[in-house]
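S.K.: Next comes the structure file start-v7.csv, holding CSV, C-alpha atoms and all ligand atoms.
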```
chain,number,residue,atom,x,y,z
A,27,MET,CA,15.0,-5.0,-19.1
A,28,LYS,CA,11.9,-6.6,-17.7
A,29,TRP,CA,10.9,-9.9,-16.2
A,30,TYR,CA,7.8,-11.6,-15.1
A,31,VAL,CA,6.8,-12.4,-11.5
A,32,LYS,CA,4.4,-15.3,-11.1
A,33,GLY,CA,1.9,-16.0,-8.3
A,34,TRP,CA,-0.1,-12.8,-8.2
A,35,ALA,CA,-3.7,-12.2,-9.3
A,36,LYS,CA,-2.3,-11.3,-12.7
A,37,MET,CA,1.1,-11.5,-14.3
A,38,THR,CA,3.0,-8.3,-13.7
A,39,VAL,CA,5.9,-6.9,-15.6
A,40,VAL,CA,8.5,-5.7,-13.2
A,41,GLU,CA,11.7,-3.8,-13.8
A,42,ARG,CA,14.7,-6.0,-13.4
A,43,GLY,CA,16.8,-5.2,-10.4
A,44,ILE,CA,13.9,-4.1,-8.2
A,45,VAL,CA,14.2,-5.5,-4.7
A,46,VAL,CA,11.3,-5.3,-2.3
A,47,ARG,CA,12.4,-5.6,1.3
A,48,ARG,CA,11.5,-4.5,4.8
A,49,ALA,CA,12.2,-0.9,5.6
A,50,THR,CA,14.8,0.1,8.2
A,51,ARG,CA,15.2,3.4,10.1
A,52,GLU,CA,18.0,4.4,7.7
A,53,ASP,CA,15.4,4.3,4.8
A,54,LEU,CA,13.1,6.8,6.4
A,55,PRO,CA,14.6,10.0,5.0
A,56,ALA,CA,14.2,8.7,1.5
A,57,VAL,CA,10.7,7.3,2.2
A,58,VAL,CA,9.6,10.7,3.7
A,59,ALA,CA,11.0,12.5,0.6
A,60,ILE,CA,9.0,10.3,-1.7
A,61,ASN,CA,5.8,10.8,0.3
A,62,ARG,CA,6.2,14.6,0.3
A,63,ARG,CA,6.9,14.6,-3.5
A,64,GLU,CA,4.3,12.2,-4.7
A,65,LEU,CA,1.3,12.6,-2.3
A,66,PRO,CA,-0.6,15.5,-0.9
A,67,GLU,CA,-1.1,13.6,2.3
A,68,ASN,CA,2.0,14.1,4.3
A,69,TYR,CA,2.8,13.0,7.9
A,70,PRO,CA,5.4,14.1,10.5
A,71,TYR,CA,8.7,12.2,10.4
A,72,SER,CA,7.8,10.7,13.8
A,73,PHE,CA,4.7,9.1,12.3
A,74,PHE,CA,6.8,7.1,9.9
A,75,GLU,CA,9.1,6.1,12.8
A,76,TRP,CA,6.1,5.0,14.9
A,77,VAL,CA,4.6,2.9,12.0
A,78,LEU,CA,7.9,1.2,11.4
A,79,TYR,CA,8.4,0.6,15.1
A,80,LYS,CA,4.9,-0.9,15.6
A,81,ASN,CA,4.7,-2.8,12.2
A,82,PRO,CA,8.2,-3.6,11.0
A,83,ASP,CA,6.9,-6.4,8.8
A,84,LEU,CA,4.3,-4.2,7.1
A,85,PHE,CA,6.6,-1.4,6.1
A,86,LEU,CA,8.3,-2.2,2.7
A,87,VAL,CA,10.6,-0.3,0.4
A,88,ALA,CA,11.4,-0.9,-3.3
A,89,GLU,CA,15.1,-0.5,-4.1
A,90,LEU,CA,16.8,-0.1,-7.5
A,91,ASN,CA,20.5,0.0,-7.7
A,92,GLY,CA,20.7,1.2,-4.1
A,93,GLU,CA,18.1,3.9,-4.5
A,94,ILE,CA,14.8,3.8,-2.7
A,95,VAL,CA,12.2,4.3,-5.5
A,96,GLY,CA,9.0,3.4,-3.6
A,97,TYR,CA,7.5,2.4,-0.3
A,98,LEU,CA,4.4,1.0,1.3
A,99,MET,CA,3.4,1.2,4.9
A,100,ALA,CA,0.5,-0.5,6.8
A,101,GLU,CA,-0.7,-0.9,10.3
A,102,ARG,CA,-2.3,-3.6,12.3
A,103,GLY,CA,-5.9,-2.8,13.2
A,104,VAL,CA,-7.8,0.3,12.3
A,105,ILE,CA,-6.2,2.8,14.6
A,106,THR,CA,-6.2,5.6,12.0
A,107,CYS,CA,-9.2,4.3,9.9
A,108,PRO,CA,-12.1,6.7,10.1
A,109,ILE,CA,-14.8,4.0,10.4
A,110,ASP,CA,-14.8,0.8,12.3
A,111,VAL,CA,-14.7,-1.5,9.4
A,112,ALA,CA,-13.9,-4.5,11.6
A,113,HIS,CA,-17.1,-3.9,13.6
A,114,ARG,CA,-19.2,-3.5,10.5
A,115,LEU,CA,-17.9,-6.8,9.1
A,116,GLY,CA,-18.1,-8.5,12.4
A,117,ILE,CA,-14.5,-9.5,12.5
A,118,PRO,CA,-11.8,-8.8,15.2
A,119,HIS,CA,-10.0,-5.5,15.1
A,120,ASP,CA,-6.7,-7.1,15.1
A,121,SER,CA,-7.5,-9.1,12.0
A,122,VAL,CA,-7.5,-6.0,9.9
A,123,ILE,CA,-4.5,-4.6,8.1
A,124,HIS,CA,-4.8,-0.9,7.2
A,125,LEU,CA,-2.7,0.3,4.2
A,126,LEU,CA,-1.6,3.8,5.2
A,127,SER,CA,0.4,4.9,2.3
A,128,ILE,CA,2.0,3.7,-1.0
A,129,ALA,CA,4.0,5.7,-3.5
A,130,VAL,CA,6.5,5.2,-6.2
A,131,LYS,CA,8.8,8.0,-7.5
A,132,ARG,CA,7.1,9.5,-10.6
A,133,GLU,CA,10.0,8.7,-12.9
A,134,TYR,CA,9.7,5.0,-12.0
A,135,GLN,CA,5.9,4.8,-12.1
A,136,GLY,CA,4.2,2.4,-14.5
A,137,ARG,CA,7.0,-0.2,-14.4
A,138,GLY,CA,5.3,-2.6,-12.0
A,139,ILE,CA,6.9,-1.4,-8.8
A,140,GLY,CA,3.6,-0.5,-7.1
A,141,SER,CA,2.4,-3.9,-8.0
A,142,LYS,CA,5.4,-5.6,-6.5
A,143,LEU,CA,5.1,-3.7,-3.3
A,144,LEU,CA,1.3,-4.4,-2.9
A,145,GLY,CA,1.8,-8.0,-4.0
A,146,ALA,CA,4.4,-8.5,-1.4
A,147,LEU,CA,2.1,-7.1,1.4
A,148,ILE,CA,-0.8,-9.3,0.2
A,149,ASP,CA,1.4,-12.3,0.0
A,150,HIS,CA,2.7,-11.7,3.5
A,151,CYS,CA,-0.8,-11.1,5.0
A,152,SER,CA,-2.4,-14.0,3.1
A,153,LYS,CA,-0.2,-16.6,4.8
A,154,GLY,CA,-2.8,-16.4,7.5
A,155,SER,CA,-0.4,-15.8,10.3
A,156,ILE,CA,2.6,-13.5,10.7
A,157,THR,CA,3.3,-14.7,14.2
A,158,SER,CA,1.8,-17.9,15.4
A,159,GLU,CA,-1.2,-16.0,16.9
A,160,GLU,CA,-2.0,-13.5,14.2
A,161,VAL,CA,-4.7,-14.2,11.5
A,162,PHE,CA,-5.5,-11.4,9.1
A,163,ARG,CA,-8.9,-11.3,7.5
A,164,ILE,CA,-8.9,-8.1,5.4
A,165,ILE,CA,-6.7,-5.3,4.1
A,166,CYS,CA,-8.4,-1.9,3.9
A,167,LEU,CA,-7.3,1.4,2.5
A,168,GLU,CA,-8.6,4.9,1.6
A,169,VAL,CA,-8.1,6.4,-1.9
A,170,ARG,CA,-9.2,9.7,-3.5
A,171,VAL,CA,-12.2,9.3,-5.7
A,172,SER,CA,-10.2,11.1,-8.4
A,173,ASN,CA,-7.1,8.8,-8.1
A,174,THR,CA,-8.1,6.3,-10.8
A,175,ARG,CA,-4.5,5.2,-11.3
A,176,ALA,CA,-4.2,4.0,-7.7
A,177,GLN,CA,-7.7,2.5,-7.8
A,178,ASN,CA,-6.7,0.5,-10.9
A,179,LEU,CA,-3.7,-0.8,-9.0
A,180,TYR,CA,-6.0,-1.8,-6.0
A,181,LYS,CA,-8.7,-3.4,-8.3
A,182,LYS,CA,-6.0,-5.4,-10.1
A,183,PHE,CA,-5.2,-7.0,-6.7
A,184,GLY,CA,-8.8,-7.7,-5.9
A,185,PHE,CA,-9.8,-4.7,-3.7
A,186,GLU,CA,-13.4,-3.6,-3.9
A,187,ILE,CA,-15.1,-0.4,-2.9
A,188,PHE,CA,-16.7,-0.9,0.5
A,189,THR,CA,-18.1,2.6,1.1
A,190,THR,CA,-17.5,6.3,0.3
A,191,LEU,CA,-16.1,8.5,3.0
A,192,LYS,CA,-17.5,12.0,2.4
A,193,PHE,CA,-15.1,15.0,2.8
A,194,TYR,CA,-12.3,12.6,3.9
A,195,TYR,CA,-9.4,14.7,2.7
A,196,MET,CA,-8.4,18.2,4.0
A,197,ASP,CA,-9.3,19.8,0.7
A,198,GLY,CA,-12.8,18.3,0.9
A,199,GLU,CA,-12.4,15.4,-1.6
A,200,ASP,CA,-14.2,12.2,-0.9
A,201,ALA,CA,-12.4,8.9,-0.4
A,202,TYR,CA,-13.3,5.3,-1.3
A,203,LEU,CA,-12.7,2.9,1.5
A,204,MET,CA,-11.6,-0.3,-0.3
A,205,ILE,CA,-11.2,-3.7,1.2
A,206,ARG,CA,-9.7,-7.1,0.1
A,207,LYS,CA,-10.0,-10.4,1.9
A,208,CYS,CA,-6.7,-11.8,2.9
A,209,PHE,CA,-7.5,-15.4,2.0
A,301,LIG,C1,-0.4,4.4,-7.5
A,301,LIG,C2,1.1,4.0,-7.6
A,301,LIG,C3,1.7,3.6,-6.3
A,301,LIG,C4,1.2,2.8,-8.6
A,301,LIG,O1,2.5,2.5,-8.7
A,301,LIG,P1,3.2,2.0,-10.1
A,301,LIG,O2,4.5,1.5,-9.9
A,301,LIG,O3,3.0,3.1,-11.0
A,301,LIG,O4,2.1,0.9,-10.5
A,301,LIG,P2,2.4,-0.3,-11.5
A,301,LIG,O5,3.3,0.1,-12.6
A,301,LIG,O6,2.7,-1.6,-10.7
A,301,LIG,O7,0.9,-0.5,-12.2
A,301,LIG,C5,-0.1,-1.1,-11.4
A,301,LIG,C6,-1.4,-0.9,-12.0
A,301,LIG,O8,-1.8,0.5,-11.8
A,301,LIG,C7,-2.6,0.9,-12.9
A,301,LIG,N1,-1.9,2.0,-13.6
A,301,LIG,C8,-0.5,2.2,-13.7
A,301,LIG,N2,-0.3,3.3,-14.4
A,301,LIG,C9,-1.5,3.8,-14.8
A,301,LIG,C10,-1.9,5.0,-15.5
A,301,LIG,N3,-1.0,5.8,-16.0
A,301,LIG,N4,-3.2,5.2,-15.7
A,301,LIG,C11,-4.1,4.3,-15.2
A,301,LIG,N5,-3.8,3.2,-14.4
A,301,LIG,C12,-2.5,3.0,-14.3
A,301,LIG,C13,-2.7,-0.3,-13.9
A,301,LIG,O9,-3.9,-1.0,-13.5
A,301,LIG,C14,-1.5,-1.1,-13.5
A,301,LIG,O10,-1.6,-2.4,-13.8
A,301,LIG,P3,-1.3,-3.0,-15.3
A,301,LIG,O11,0.1,-2.4,-15.6
A,301,LIG,O12,-1.2,-4.5,-15.1
A,301,LIG,O13,-2.4,-2.5,-16.2
A,301,LIG,C15,1.9,5.2,-8.3
A,301,LIG,O14,1.3,5.6,-9.5
A,301,LIG,C16,2.1,6.4,-7.3
A,301,LIG,O15,3.0,6.5,-6.6
A,301,LIG,N6,1.2,7.4,-7.4
A,301,LIG,C17,1.3,8.6,-6.6
A,301,LIG,C18,1.0,8.3,-5.2
A,301,LIG,C19,-0.4,7.7,-5.0
A,301,LIG,O16,-1.4,8.1,-5.6
A,301,LIG,N7,-0.5,6.7,-4.1
A,301,LIG,C20,-1.8,6.0,-3.7
A,301,LIG,C21,-2.5,6.8,-2.7
A,301,LIG,S1,-4.0,6.0,-2.2
```
Show me the file's structure as structure tokens.
Ligand SMILES: CC(C)(COP(=O)(O)OP(=O)(O)OC[C@H]1O[C@@H](n2cnc3c(N)ncnc32)[C@H](O)[C@@H]1OP(=O)(O)O)[C@@H](O)C(=O)NCCC(=O)NCCS
M.R.:
Amino acid sequence: MKWYVKGWAKMTVVERGIVVRRATREDLPAVVAINRRELPENYPYSFFEWVLYKNPDLFLVAELNGEIVGYLMAERGVITCPIDVAHRLGIPHDSVIHLLSIAVKREYQGRGIGSKLLGALIDHCSKGSITSEEVFRIICLEVRVSNTRAQNLYKKFGFEIFTTLKFYYMDGEDAYLMIRKCF
């Protein structure tokens, strides 16, 4: 059963029953398991804890019938971004959101869950302020040049290639640095 979510760049078909919500510490074992299964870029458990601690509003999970089927995590600023995209664009560092990781369990991919996660982040950041002081200008991310599936997702939501990061990944593959304005 599918339903339509309005208000994103494009109408998106989403599996009924999917709930996107903020992650909690209790979700982290499931999130880490998805990360290790679906992505070659894995991080220590403590990194997920740190991201959640620092950015509780930017760490989202997708839940279906009580099962965590996808996640997305982002950070404020460009702490782990390899180039100073804020400096290049002439905008404050703290106005940048850096999407660190997004993944959906493979048996649930292609059902609109990645779109729902990314749409929720963009919606959250596009409001202009999360607390009364914060104003976000761009969201940036890195993606393998071979990962056209993820690139299609990002392009669908208005991300554009900003530059290529040579030999970005441990295996030597290049990355695209993609950015999207928040408003
Ligand atoms: C990338 C990923 C998060 C997308 O999640 P998803 O739930 O499958 O995505 P959706 O179903 O919302 O599809 C979103 C868009 O992705 C693109 N897409 C989805 N499946 C695709 C496929 N098989 N081939 C090409 N593009 C595809 C389409 O543009 C789609 O939009 P559309 O359905 O309106 O055409 C998911 O495939 C995944 O977890 N991949 C492995 C981890 C990964 O690569 N993460 C990104 C690292 S940068």
S.K.: What residues have any atom no more than 8 Å from ligand LIG 301 (chain A) when counting only C-alpha atoms and all ligand atoms, and can you list them as a ChimeraX atom specification?
M.R.: /A:36-40,61,64-65,96,127-132,134-142,167-170,173-182
S.K.: Considering all atoms listed in the file, state which residue in the set A:Leu115, A:Val104, A:His124, A:Phe188 is at the smallest distance from Ala201 (chain A).
M.R.: A:Phe188
S.K.: Using all atoms listed in the file for the distances, tell me which of A:Asp149, A:Glu67, A:Glu199, A:Glu75 is nearest to Ser172 (chain A).
M.R.: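 Smallest separation from Ser172 (chain A) among the options: A:Glu199.
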S.K.: Which is closer to Gly92 (chain A) than all the others in A:Ser121, A:Val45, A:Lys80, A:Phe74, using only C-alpha atoms?
M.R.: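 Closest to Gly92 (chain A), using only C-alpha atoms: A:Val45.
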S.K.: Given the choices A:Cys151, A:Met196, A:Leu125, A:Val57, which gets closest to Val95 (chain A) if the distance is worked out from all atoms listed in the file?
M.R.: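 Using all atoms listed in the file, the shortest distance to Val95 (chain A) belongs to A:Val57.
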S.K.: Set the distance at 10 Å and use all atoms listed in the file: which residues neighbour Val77 (chain A) once local chain neighbours fewer than 3 positions away are removed? I'd like the list as a PyMOL selection string.
M.R.: chain A and resi 72-74+80-82+84-85+99-102+126
S.K.: Between CA of Val171 (chain A) and CA of Phe185 (chain A), what is the distance in Å, rounded to a tenth?
M.R.: 14.3 Å
S.K.: With all atoms listed in the file as the atoms that count, which of A:Gly145, A:Ala56, A:Gly116, A:Val122 lies nearest to Lys207 (chain A)?
M.R.: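 Under the stated criterion, the closest residue is A:Val122.
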S.K.: Quick check, in Å to one decimal: how far apart do CA of Arg63 (chain A) and CA of Glu93 (chain A) lie?
M.R.: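 So the answer is 15.5 Å.
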S.K.: Please measure the separation of CA of Ala49 (chain A) and CA of Asn68 (chain A), giving the value in Å to one decimal.
M.R.: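 Between CA of Ala49 (chain A) and CA of Asn68 (chain A) the gap is 18.2 Å.
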S.K.: Rank A:Ile164, A:Val58, A:Cys208, A:Leu143 by their smallest atom-to-atom distance to His119 (chain A), using all atoms listed in the file, and report the top residue only.
M.R.: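 Closest residue, counting all atoms listed in the file: A:Ile164.
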S.K.: Around (4.8, -1.7, 0.2) in the file's frame, which residues reach within 6 Å when counting all atoms listed in the file? Return as a PDB file with C-alpha atoms, in the frame of the given file?
M.R.:
```pdb
ATOM      1  CA  LEU A  86       8.300  -2.200   2.700  1.00  0.00           C
ATOM      2  CA  VAL A  87      10.600  -0.300   0.400  1.00  0.00           C
ATOM      3  CA  TYR A  97       7.500   2.400  -0.300  1.00  0.00           C
ATOM      4  CA  LEU A  98       4.400   1.000   1.300  1.00  0.00           C
ATOM      5  CA  MET A  99       3.400   1.200   4.900  1.00  0.00           C
ATOM      6  CA  LEU A 143       5.100  -3.700  -3.300  1.00  0.00           C
ATOM      7  CA  LEU A 144       1.300  -4.400  -2.900  1.00  0.00           C
TER       8      LEU A 144
END
```
